[in-house]
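*Asks:* Following this line is my_file.txt, made up of compact mmCIF, C-alpha atoms:
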```txt
# COMPACT_ATOMS: atom_id res chain seq x y z
CA MET A 1 84.75 144.14 88.24
CA SER A 2 87.41 143.11 90.70
CA ALA A 3 87.67 144.87 94.02
CA GLN A 4 89.95 147.84 94.58
CA PRO A 5 93.49 146.53 95.07
CA VAL A 6 94.59 146.09 98.67
CA THR A 7 98.04 147.31 99.57
CA ALA A 8 100.41 144.41 100.14
CA PRO A 9 103.80 144.71 101.80
CA GLY A 10 106.03 146.68 99.42
CA ALA A 11 103.27 147.13 96.84
CA ALA A 12 101.83 150.28 95.34
CA THR A 13 98.13 151.02 95.69
CA ALA A 14 96.18 151.14 92.42
CA PRO A 15 93.01 153.22 92.12
CA SER A 16 89.80 151.48 91.14
CA VAL A 17 88.50 151.26 87.57
CA HIS A 18 85.14 152.80 86.72
CA ALA A 19 83.41 151.04 83.85
CA ALA A 20 81.04 153.97 83.35
CA GLU A 21 83.88 156.01 81.89
CA ALA A 22 84.06 153.86 78.76
CA GLN A 23 82.97 155.62 75.58
CA ALA A 24 79.76 154.54 73.86
CA ARG A 25 80.12 154.09 70.08
CA CYS A 26 77.06 153.73 67.88
CA VAL A 27 76.19 152.54 64.40
CA ALA A 28 72.83 151.79 62.78
CA ARG A 29 72.04 148.96 60.41
CA GLN A 30 69.14 148.54 57.99
CA PRO A 31 68.45 145.18 56.32
CA ILE A 32 68.38 144.58 52.57
CA PHE A 33 66.12 141.84 51.13
CA ASP A 34 65.63 140.13 47.80
CA ARG A 35 62.33 139.45 46.00
CA GLU A 36 61.60 136.46 48.25
CA ARG A 37 62.26 138.63 51.34
CA ARG A 38 65.47 136.77 52.09
CA LEU A 39 68.09 138.78 53.95
CA LYS A 40 70.96 139.79 51.63
CA GLY A 41 72.88 142.29 53.77
CA TYR A 42 72.81 145.24 56.13
CA GLU A 43 73.63 148.84 55.22
CA LEU A 44 75.69 150.45 57.99
CA LEU A 45 74.62 154.00 58.83
CA PHE A 46 76.31 156.73 60.85
CA ARG A 47 74.80 157.67 64.21
CA SER A 48 76.35 160.27 66.51
CA HIS A 49 74.68 158.84 69.63
CA GLY A 50 72.31 156.11 70.73
CA GLY A 51 69.22 158.33 70.57
CA ALA A 52 69.86 159.64 67.05
CA SER A 53 67.37 158.52 64.41
CA SER A 54 69.34 159.86 61.44
CA ALA A 55 72.78 161.14 60.39
CA ILE A 56 71.60 164.77 60.22
CA GLY A 57 74.15 167.19 61.67
CA GLY A 58 77.43 168.92 61.00
CA THR A 59 79.45 165.74 60.41
CA SER A 60 81.25 165.51 57.05
CA PRO A 61 80.84 162.48 54.73
CA GLU A 62 84.48 161.54 55.45
CA GLN A 63 83.91 161.57 59.21
CA MET A 64 80.67 159.63 58.88
CA SER A 65 82.30 156.98 56.69
CA GLY A 66 85.29 156.69 59.04
CA SER A 67 83.21 156.50 62.20
CA THR A 68 80.84 153.90 60.71
CA VAL A 69 83.63 151.59 59.57
CA VAL A 70 85.65 151.90 62.79
CA THR A 71 82.60 151.32 64.98
CA GLY A 72 81.13 148.57 62.82
CA VAL A 73 84.30 146.59 62.15
CA LEU A 74 86.53 147.28 65.16
CA ASP A 75 84.30 148.26 68.07
CA ILE A 76 81.34 145.93 67.47
CA GLY A 77 82.64 143.49 64.84
CA LEU A 78 80.96 142.28 61.66
CA ASP A 79 80.25 138.87 63.16
CA GLN A 80 78.00 140.56 65.72
CA LEU A 81 76.68 143.28 63.43
CA THR A 82 75.84 141.55 60.14
CA GLY A 83 76.56 137.85 60.72
CA PRO A 84 76.93 135.80 57.50
CA VAL A 85 75.56 138.49 55.16
CA PRO A 86 77.64 141.41 53.79
CA ALA A 87 77.91 144.85 55.35
CA TRP A 88 77.03 147.60 52.85
CA ILE A 89 79.42 150.47 53.58
CA ASN A 90 79.00 154.06 52.38
CA ALA A 91 82.20 155.34 50.81
CA SER A 92 83.06 159.02 50.54
CA ARG A 93 85.57 160.30 48.00
CA GLU A 94 88.41 160.29 50.56
CA PHE A 95 87.66 156.69 51.46
CA LEU A 96 87.70 155.58 47.85
CA VAL A 97 90.96 157.23 46.81
CA SER A 98 92.89 156.58 50.04
CA GLY A 99 92.99 152.81 49.57
CA VAL A 100 91.87 152.23 53.15
CA LEU A 101 88.88 150.14 52.07
CA GLU A 102 91.28 147.49 50.81
CA VAL A 103 91.90 146.31 54.38
CA LEU A 104 88.32 144.98 54.47
CA ASP A 105 87.49 141.44 53.41
CA ALA A 106 85.97 141.70 49.92
CA LYS A 107 83.67 138.76 50.66
CA ARG A 108 82.13 140.53 53.66
CA VAL A 109 81.37 144.01 52.34
CA VAL A 110 79.63 145.88 49.52
CA ILE A 111 81.14 149.30 48.76
CA GLU A 112 78.47 151.98 48.18
CA VAL A 113 79.78 154.99 46.25
CA LEU A 114 77.89 157.95 47.70
CA GLU A 115 75.86 160.16 45.38
CA THR A 116 77.89 163.19 46.59
CA VAL A 117 81.13 161.77 45.12
CA VAL A 118 82.37 163.51 41.97
CA PRO A 119 83.33 160.70 39.53
CA ASP A 120 86.62 162.21 38.37
CA ALA A 121 89.60 160.26 37.03
CA GLU A 122 91.03 159.57 40.50
CA VAL A 123 87.73 158.17 41.77
CA VAL A 124 87.29 156.03 38.63
CA ALA A 125 90.79 154.59 39.08
CA ALA A 126 90.11 153.81 42.75
CA VAL A 127 86.84 152.01 41.93
CA GLN A 128 88.56 150.11 39.13
CA ARG A 129 91.17 148.85 41.59
CA LEU A 130 88.49 147.78 44.07
CA ARG A 131 86.70 145.85 41.31
CA GLU A 132 89.94 144.13 40.32
CA LEU A 133 90.46 143.12 43.96
CA GLY A 134 87.05 141.44 44.02
CA TYR A 135 84.91 144.03 45.82
CA THR A 136 81.23 144.45 44.96
CA ILE A 137 80.47 148.05 43.93
CA ALA A 138 77.08 149.73 44.38
CA LEU A 139 76.12 153.27 43.33
CA ASP A 140 74.06 154.87 46.09
CA ASP A 141 70.90 156.94 45.47
CA PHE A 142 71.79 157.11 41.78
CA GLU A 143 70.71 160.19 39.79
CA GLY A 144 73.95 160.68 37.85
CA GLY A 145 74.47 162.14 34.40
CA PRO A 146 76.86 161.15 31.60
CA GLU A 147 79.92 161.68 33.81
CA TRP A 148 78.89 158.54 35.74
CA GLU A 149 79.27 156.33 32.67
CA PRO A 150 82.70 154.88 33.74
CA LEU A 151 81.33 153.88 37.14
CA LEU A 152 78.16 152.43 35.64
CA GLN A 153 80.37 150.21 33.51
CA MET A 154 82.04 148.83 36.67
CA ALA A 155 79.16 148.75 39.18
CA GLN A 156 77.28 145.54 39.95
CA ILE A 157 74.42 147.21 41.83
CA VAL A 158 72.61 150.54 41.47
CA LYS A 159 70.34 151.92 44.22
CA LEU A 160 67.33 154.05 43.26
CA ASP A 161 65.27 156.09 45.72
CA VAL A 162 61.60 155.22 45.03
CA MET A 163 59.91 157.04 47.90
CA ASN A 164 56.69 158.85 46.90
CA GLN A 165 57.13 157.84 43.25
CA THR A 166 54.63 156.04 41.08
CA LYS A 167 55.46 153.08 38.86
CA GLN A 168 55.23 155.38 35.86
CA GLN A 169 57.77 157.77 37.38
CA ILE A 170 60.24 155.01 38.27
CA ALA A 171 60.05 153.17 34.92
CA PRO A 172 62.13 155.65 32.83
CA ARG A 173 64.94 155.51 35.37
CA VAL A 174 64.93 151.71 35.19
CA PHE A 175 64.82 151.79 31.37
CA ARG A 176 67.85 154.08 31.28
CA LEU A 177 69.89 151.49 33.20
CA LYS A 178 68.85 148.52 31.03
CA PRO A 179 72.01 148.61 28.84
CA TYR A 180 74.20 148.05 31.89
CA ARG A 181 74.67 144.73 33.61
CA VAL A 182 73.61 145.96 37.02
CA LYS A 183 71.15 144.71 39.60
CA LEU A 184 68.73 147.31 40.90
CA LEU A 185 68.01 148.01 44.56
CA ALA A 186 64.90 149.98 45.50
CA GLU A 187 65.58 152.07 48.60
CA ARG A 188 63.01 153.82 50.78
CA VAL A 189 60.26 151.32 49.94
CA GLU A 190 57.47 152.46 52.26
CA ASP A 191 54.57 150.09 51.56
CA GLN A 192 53.48 146.85 49.90
CA ALA A 193 52.22 148.59 46.77
CA SER A 194 55.59 150.22 46.17
CA PHE A 195 57.32 146.87 46.73
CA LEU A 196 55.11 145.11 44.16
CA ASP A 197 55.61 147.91 41.64
CA CYS A 198 59.38 147.61 41.98
CA VAL A 199 59.25 143.82 41.64
CA SER A 200 57.31 144.20 38.38
CA LEU A 201 59.92 146.71 37.13
CA GLY A 202 62.74 144.21 37.65
CA PHE A 203 64.31 145.31 40.93
CA GLU A 204 66.33 142.55 42.64
CA TYR A 205 66.88 144.07 46.11
CA PHE A 206 64.74 146.13 48.47
CA GLN A 207 65.27 148.35 51.50
CA GLY A 208 62.97 150.64 53.46
CA TYR A 209 60.53 151.16 56.32
CA HIS A 210 58.11 148.68 54.73
CA PHE A 211 60.54 145.96 55.81
CA ARG A 212 62.34 147.46 58.82
CA LYS A 213 63.56 150.79 60.14
CA PRO A 214 67.29 151.22 60.87
CA GLU A 215 68.31 149.70 64.20
CA THR A 216 70.96 151.45 66.28
CA LEU A 217 73.54 149.30 68.07
CA GLN A 218 75.80 150.64 70.78
CA ARG A 219 79.02 149.32 72.29
CA LYS A 220 81.20 150.61 75.09
CA VAL A 221 84.81 151.04 74.02
CA LEU A 222 87.97 152.42 75.50
CA PRO A 223 88.97 155.90 74.32
CA VAL A 224 91.89 156.19 71.94
CA GLY A 225 94.41 159.00 72.48
CA MET A 226 94.92 160.93 69.27
CA ALA A 227 98.49 161.87 70.13
CA ARG A 228 99.42 158.21 70.52
CA VAL A 229 97.67 157.36 67.24
CA ALA A 230 99.69 160.03 65.45
CA ARG A 231 102.93 158.74 66.94
CA LEU A 232 102.07 155.16 65.97
CA MET A 233 101.30 156.20 62.40
CA SER A 234 104.75 157.75 62.18
CA LEU A 235 106.41 154.65 63.66
CA VAL A 236 104.50 152.23 61.41
CA ASN A 237 105.71 154.17 58.37
CA ASP A 238 109.34 154.12 59.54
CA THR A 239 111.12 151.02 58.20
CA ARG A 240 113.80 151.43 60.89
CA VAL A 241 111.25 150.77 63.65
CA THR A 242 111.01 147.10 64.63
CA ASP A 243 107.89 145.11 65.45
CA GLN A 244 109.18 144.93 69.02
CA GLN A 245 109.20 148.74 69.26
CA LEU A 246 105.68 148.94 67.83
CA GLU A 247 104.54 146.39 70.38
CA ALA A 248 105.98 148.52 73.19
CA GLU A 249 103.99 151.53 71.97
CA LEU A 250 100.76 149.55 71.70
CA ARG A 251 101.15 148.13 75.18
CA ALA A 252 100.82 151.62 76.60
CA ASP A 253 97.25 151.94 75.28
CA PRO A 254 94.82 149.06 75.98
CA GLY A 255 92.21 150.67 73.71
CA LEU A 256 94.54 150.50 70.72
CA SER A 257 95.61 146.98 71.67
CA VAL A 258 91.98 145.85 71.58
CA LYS A 259 91.46 147.46 68.17
CA LEU A 260 94.61 145.87 66.74
CA LEU A 261 93.35 142.44 67.74
CA ARG A 262 90.00 143.12 66.09
CA ILE A 263 91.75 144.39 62.96
CA VAL A 264 93.63 141.10 62.61
CA ASN A 265 90.48 139.10 63.26
CA ASN A 266 88.06 141.09 61.07
CA ALA A 267 90.13 142.51 58.22
CA ALA A 268 91.18 140.66 55.10
CA THR A 269 93.99 138.75 56.78
CA GLY A 270 92.49 135.29 57.04
CA TYR A 271 93.92 134.74 60.55
CA HIS A 272 91.87 133.92 63.61
CA SER A 273 94.39 132.83 66.26
CA VAL A 274 96.42 135.61 67.84
CA SER A 275 98.88 134.77 70.61
CA SER A 276 100.42 138.19 71.41
CA LEU A 277 100.47 141.82 70.34
CA ARG A 278 103.66 141.28 68.32
CA HIS A 279 102.01 138.32 66.60
CA ALA A 280 99.06 140.57 65.73
CA ILE A 281 101.39 143.23 64.28
CA GLN A 282 103.11 140.65 62.10
CA LEU A 283 99.83 139.17 60.87
CA ALA A 284 98.25 142.53 60.07
CA GLY A 285 101.24 144.05 58.27
CA ARG A 286 102.44 147.66 58.24
CA ARG A 287 100.19 148.91 55.45
CA THR A 288 97.00 147.60 57.07
CA LEU A 289 98.02 149.06 60.43
CA TYR A 290 98.72 152.46 58.91
CA HIS A 291 95.32 152.61 57.21
CA TRP A 292 93.43 151.68 60.34
CA LEU A 293 95.38 154.15 62.44
CA ALA A 294 94.44 156.85 59.93
CA LEU A 295 90.80 155.90 60.40
CA LEU A 296 91.15 156.09 64.16
CA MET A 297 92.75 159.51 63.85
CA VAL A 298 89.80 161.05 62.01
CA SER A 299 87.08 159.30 64.01
CA SER A 300 88.45 159.48 67.59
CA VAL A 301 87.68 162.19 70.08
CA PRO A 302 90.57 163.43 72.29
CA THR A 303 89.61 162.15 75.73
CA LYS A 304 92.96 161.70 77.49
CA ASP A 305 92.09 162.77 81.02
CA ASP A 306 92.27 161.52 84.60
CA ALA A 307 89.11 159.42 84.21
CA GLU A 308 90.59 157.52 81.27
CA LYS A 309 93.85 157.01 83.11
CA GLU A 310 91.88 155.42 85.96
CA ILE A 311 90.25 153.04 83.47
CA VAL A 312 93.41 151.80 81.84
CA LEU A 313 95.69 151.75 84.88
CA GLN A 314 94.50 148.44 86.29
CA SER A 315 94.66 146.76 82.88
CA LEU A 316 98.21 147.97 82.30
CA GLU A 317 99.26 147.00 85.79
CA ARG A 318 97.84 143.50 85.60
CA GLY A 319 99.35 142.83 82.18
CA ARG A 320 102.80 143.92 83.37
CA PHE A 321 102.44 141.98 86.62
CA CYS A 322 101.69 138.75 84.71
CA GLU A 323 104.63 139.39 82.39
CA LEU A 324 107.06 140.02 85.26
CA MET A 325 105.99 136.80 87.00
CA ALA A 326 106.74 134.83 83.82
CA LEU A 327 110.15 136.48 83.42
CA GLY A 328 110.92 135.98 87.11
CA THR A 329 110.31 132.25 86.83
CA GLY A 330 112.39 131.81 83.67
CA ARG A 331 109.40 131.32 81.36
CA ARG A 332 110.29 133.97 78.77
CA GLU A 333 108.14 132.34 76.08
CA GLN A 334 105.05 132.98 78.20
CA ALA A 335 105.76 136.66 78.90
CA ASP A 336 104.08 138.15 75.81
CA PRO A 337 100.89 136.03 75.93
CA LEU A 338 100.62 136.69 79.68
CA PHE A 339 100.89 140.43 79.17
CA LEU A 340 98.01 140.15 76.68
CA ALA A 341 95.92 138.01 79.05
CA GLY A 342 96.47 140.41 81.95
CA LEU A 343 95.71 143.42 79.77
CA LEU A 344 92.35 141.98 78.70
CA ALA A 345 91.35 140.43 82.03
CA ASN A 346 88.86 143.11 83.03
CA LEU A 347 88.17 144.83 79.71
CA ASP A 348 85.03 142.78 79.13
CA GLN A 349 83.37 144.67 81.97
CA ILE A 350 84.75 148.02 80.84
CA LEU A 351 83.47 147.45 77.30
CA GLY A 352 80.10 146.15 78.46
CA VAL A 353 80.39 142.79 76.70
CA SER A 354 80.70 139.23 77.91
CA ARG A 355 84.16 137.73 78.23
CA ASP A 356 83.32 135.01 75.72
CA GLU A 357 82.18 137.66 73.23
CA LEU A 358 85.41 139.59 73.72
CA ILE A 359 87.48 136.43 73.19
CA THR A 360 85.54 135.52 70.03
CA GLN A 361 85.70 138.99 68.47
CA MET A 362 89.45 139.21 68.97
CA GLY A 363 90.23 135.73 67.70
CA LEU A 364 92.46 134.99 70.69
CA SER A 365 94.66 131.90 70.77
CA GLY A 366 93.50 128.93 72.81
CA GLU A 367 95.91 129.36 75.73
CA VAL A 368 95.21 133.07 76.21
CA ALA A 369 91.47 132.41 75.93
CA ALA A 370 91.75 129.59 78.47
CA ALA A 371 93.46 131.90 80.97
CA LEU A 372 90.74 134.52 80.57
CA ARG A 373 88.05 131.88 81.10
CA GLY A 374 89.87 130.35 84.07
CA GLU A 375 90.28 127.04 82.25
CA PRO A 376 93.38 124.80 82.54
CA GLY A 377 96.36 126.07 80.58
CA PRO A 378 99.94 127.33 80.97
CA HIS A 379 98.90 130.96 81.58
CA THR A 380 95.90 130.43 83.85
CA ALA A 381 97.69 130.18 87.20
CA TYR A 382 99.67 133.37 86.59
CA LEU A 383 96.56 135.36 85.74
CA ALA A 384 94.75 133.92 88.75
CA VAL A 385 97.59 134.99 91.05
CA ALA A 386 97.66 138.49 89.56
CA THR A 387 93.90 138.92 89.93
CA ALA A 388 93.79 137.57 93.48
CA TYR A 389 96.84 139.60 94.59
CA ALA A 390 95.38 142.86 93.24
CA ALA A 391 92.15 142.12 95.14
CA GLY A 392 93.98 141.24 98.36
CA ASP A 393 92.60 137.68 98.33
CA TRP A 394 95.60 136.14 100.09
CA GLU A 395 93.98 132.71 100.56
CA ARG A 396 93.80 132.31 96.79
CA VAL A 397 97.23 133.83 96.20
CA ALA A 398 99.36 131.54 98.37
CA PRO A 399 98.76 128.05 96.87
CA SER A 400 99.17 129.07 93.22
CA ALA A 401 102.07 131.43 93.92
CA ASP A 402 103.89 128.71 95.79
CA ARG A 403 103.48 126.25 92.91
CA LEU A 404 104.79 128.84 90.45
CA GLY A 405 107.72 129.71 92.70
CA VAL A 406 106.94 133.45 92.87
CA GLU A 407 105.44 133.86 96.34
CA GLU A 408 108.36 135.76 97.87
CA GLU A 409 108.81 138.06 94.86
CA LEU A 410 105.14 139.11 94.53
CA PRO A 411 105.31 142.37 96.54
CA GLU A 412 108.32 143.58 94.55
CA LEU A 413 106.84 142.51 91.19
CA TYR A 414 103.47 144.08 91.96
CA GLY A 415 105.10 147.33 92.98
CA ALA A 416 107.21 147.34 89.83
CA ALA A 417 104.12 146.68 87.68
CA GLY A 418 102.24 149.55 89.32
CA GLY A 419 105.18 151.90 88.85
CA TRP A 420 105.52 150.92 85.20
CA ALA A 421 101.80 151.47 84.56
CA ARG A 422 101.85 154.92 86.14
CA GLU A 423 104.97 155.89 84.22
CA VAL A 424 103.35 154.80 80.96
CA LEU A 425 100.29 156.91 81.69
CA ARG A 426 102.40 159.94 82.59
CA ALA A 427 104.19 159.67 79.26
CA ALA A 428 100.99 159.10 77.24
```
Give the structure from the file, written as structure tokens.
*Replies:*
Amino acid sequence: MSAQPVTAPGAATAPSVHAAEAQARCVARQPIFDRERRLKGYELLFRSHGGASSAIGGTSPEQMSGSTVVTGVLDIGLDQLTGPVPAWINASREFLVSGVLEVLDAKRVVIEVLETVVPDAEVVAAVQRLRELGYTIALDDFEGGPEWEPLLQMAQIVKLDVMNQTKQQIAPRVFRLKPYRVKLLAERVEDQASFLDCVSLGFEYFQGYHFRKPETLQRKVLPVGMARVARLMSLVNDTRVTDQQLEAELRADPGLSVKLLRIVNNAATGYHSVSSLRHAIQLAGRRTLYHWLALLMVSSVPTKDDAEKEIVLQSLERGRFCELMALGTGRREQADPLFLAGLLANLDQILGVSRDELITQMGLSGEVAAALRGEPGPHTAYLAVATAYAAGDWERVAPSADRLGVEEELPELYGAAGGWAREVLRAA
């Protein structure tokens, strides 16, 4: 973390950032294996906090599904969480019928229809659409009656709970599913004998404590203001609002900016090189943005307070400072990428991840990534000046500022950046 900014002539003083104020988001994962014990995926499981060993509590299926997807895909990232194998995601009724699952890459997820879902006509239509789009459908903890027939016709995988059941007890359930072209997954396999019984009954996949207990992963993330999410949802849905106006709204909330970059990098967009917030908006598209904002709305806790404002102030200030230096030197084309670089410059420490990990997860463009790493590039000197100036490291400021031609304007630009950041937070 950089030092508390030192007041320069004509500059405003910025309070320090406290990394401890970042929110901790959790999700558990449990591996799924095939008959040869090869890893075939991870089921993502809701956890309310790092010490929780189960999802027991007063949280609804919709909230659990939303929290798990947001944390797994946006806060941690599937590359870190599941690697090359698919993430198996529990889907509540609301998730299925809302269409929000369609923003996920069909090659990277398996959609598990929860046993609590009522398979009515709307649910059947939603699952049919997901199948047509190429998603793999699994029926979770299956005990369904005749009303599940339409979903059985579409599912590729059916999960059966085999805990504390003999081979003779499991066999009729397997026989019932023989007419359908589904692969069977045995869940809650507790010992080697149960595993061998299930293999002999024709199960393809296996999950349970015999292989591994669920592992909880935790990541520090910036809080997201629910009021700003609601406003953004309204703006995204308004065709009169331009991408430039959306970008201005996102700039006011570094937490949302980080999530937007992860959306573009992890969702079914196919893009992995983002040069600015506006570029990210254009790559993601309005419909994808609206769905993810809806997820954030139901899974975020309202935490807009003085502590959060302290966290984001320095990021906002540095991003604006970098942007103003670019504009002041006639390099308008660098303004947007520099705002992004300045915004992210200290978020690796706030989020509790390495800078390289942050860069990778967000799929940042080469020049922005180079600036964040301190490597040669068109944006690096600007970011270095902004960082050194905020820390009061005048020996580092002078040479680079002189080469850029901004040395005399720095106090005014820094003061303007600080004023802008405070105004943004007051309006948030």
*Asks:* I need the residue nearest Glu62 of chain A from this list: A:Ala91, A:Leu45, A:Ile170, A:Leu74. Use all atoms listed in the file for the distance.
*Replies:* A:Ala91
*Asks:* What's around segment 150-152 of chain A at 12 Å? Count only C-alpha atoms, leave out sequence neighbours fewer than 6 positions away in its own chain, and write the answer as a PyMOL selection string.
*Replies:* chain A and resi 112-115+117-131+137-140+142-144+158-159+176-184
*Asks:* Quick one: everything within 9 Å of Val406 of chain A, counting all atoms listed in the file, minus sequence neighbours fewer than 3 positions away in the same chain. Send it as a list in words.
*Replies:* Met325, Gly328, Thr329, Ser400, Ala401, Asp402, Arg403, Glu409 and Leu410 of chain A
*Asks:* Taking only C-alpha atoms into account, name the residue in A:Cys322, A:Ala335, A:Ala28, A:Val174 that is nearest to Leu413 of chain A.
*Replies:*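 Smallest distance to Leu413 of chain A is found for A:Cys322.
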*Asks:* Please compute the atom CA of Thr360 of chain A-atom CA of Glu247 of chain A distance, one decimal, in Å.
*Replies:*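 Interatomic distance here is 21.9 Å.
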*Asks:* When you draw a straight line from atom CA of Asp161 of chain A to atom CA of Glu187 of chain A, how long is it in Å?
*Replies:*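 Interatomic distance here is 5.0 Å.
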*Asks:* Find the residue from A:Arg240, A:Leu39, A:Arg108, A:Pro61 that sits nearest to Leu96 of chain A; use all atoms listed in the file when measuring.
*Replies:*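 Looking at the shortest contact to Leu96 of chain A, the residue is A:Pro61.
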*Asks:* Have a look at atom CA of Leu283 of chain A and atom CA of Thr239 of chain A and let me know their distance in Å, one decimal.
*Replies:*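 Distance reported for this atom pair: 16.6 Å.
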*Asks:* Rank A:Asp34, A:Ile111, A:Leu340, A:Arg318 by their smallest atom-to-atom distance to Cys198 of chain A, using all atoms listed in the file, and report the top residue only.
*Replies:*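 Ranking A:Asp34, A:Ile111, A:Leu340, A:Arg318 by distance to Cys198 of chain A, first place goes to A:Asp34.
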*Asks:* Between A:Ser60, A:Thr242, A:Thr288, A:Asn237, which has the minimum distance to Gly99 of chain A (counting only C-alpha atoms)?
*Replies:*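 The answer is A:Thr288, which sits nearest to Gly99 of chain A.
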*Asks:* Counting only C-alpha atoms, I want the residues whose atoms come within 7 Å of (72.0, 148.3, 53.7) in the file frame, returned as a PyMOL selection string.
*Replies:* chain A and resi 29-32+41-44+88
*Asks:* Which residue, A:Ser48, A:Gly255, A:Leu327, A:Ala416, has the smallest gap to Asp348 of chain A when you use all atoms listed in the file?
*Replies:* A:Gly255
*Asks:* Quick one: contact table of segment 325-344 of chain A to segment 379-394 of chain A, 8 Å max, nearest atom pair and distance in Å to one decimal per residue, counting all atoms listed in the file, chain and number order, as a Markdown table?
*Replies:*
```
| residue | atom | partner | partner_atom | distance |
| --- | --- | --- | --- | --- |
| A:Met325 | CA | A:Tyr382 | CA | 7.2 |
| A:Ala326 | CA | A:Tyr382 | CA | 7.7 |
| A:Gln334 | CA | A:His379 | CA | 7.3 |
| A:Pro337 | CA | A:His379 | CA | 7.8 |
| A:Leu338 | CA | A:His379 | CA | 6.3 |
| A:Ala341 | CA | A:Leu383 | CA | 7.2 |
| A:Gly342 | CA | A:Leu383 | CA | 6.3 |
```
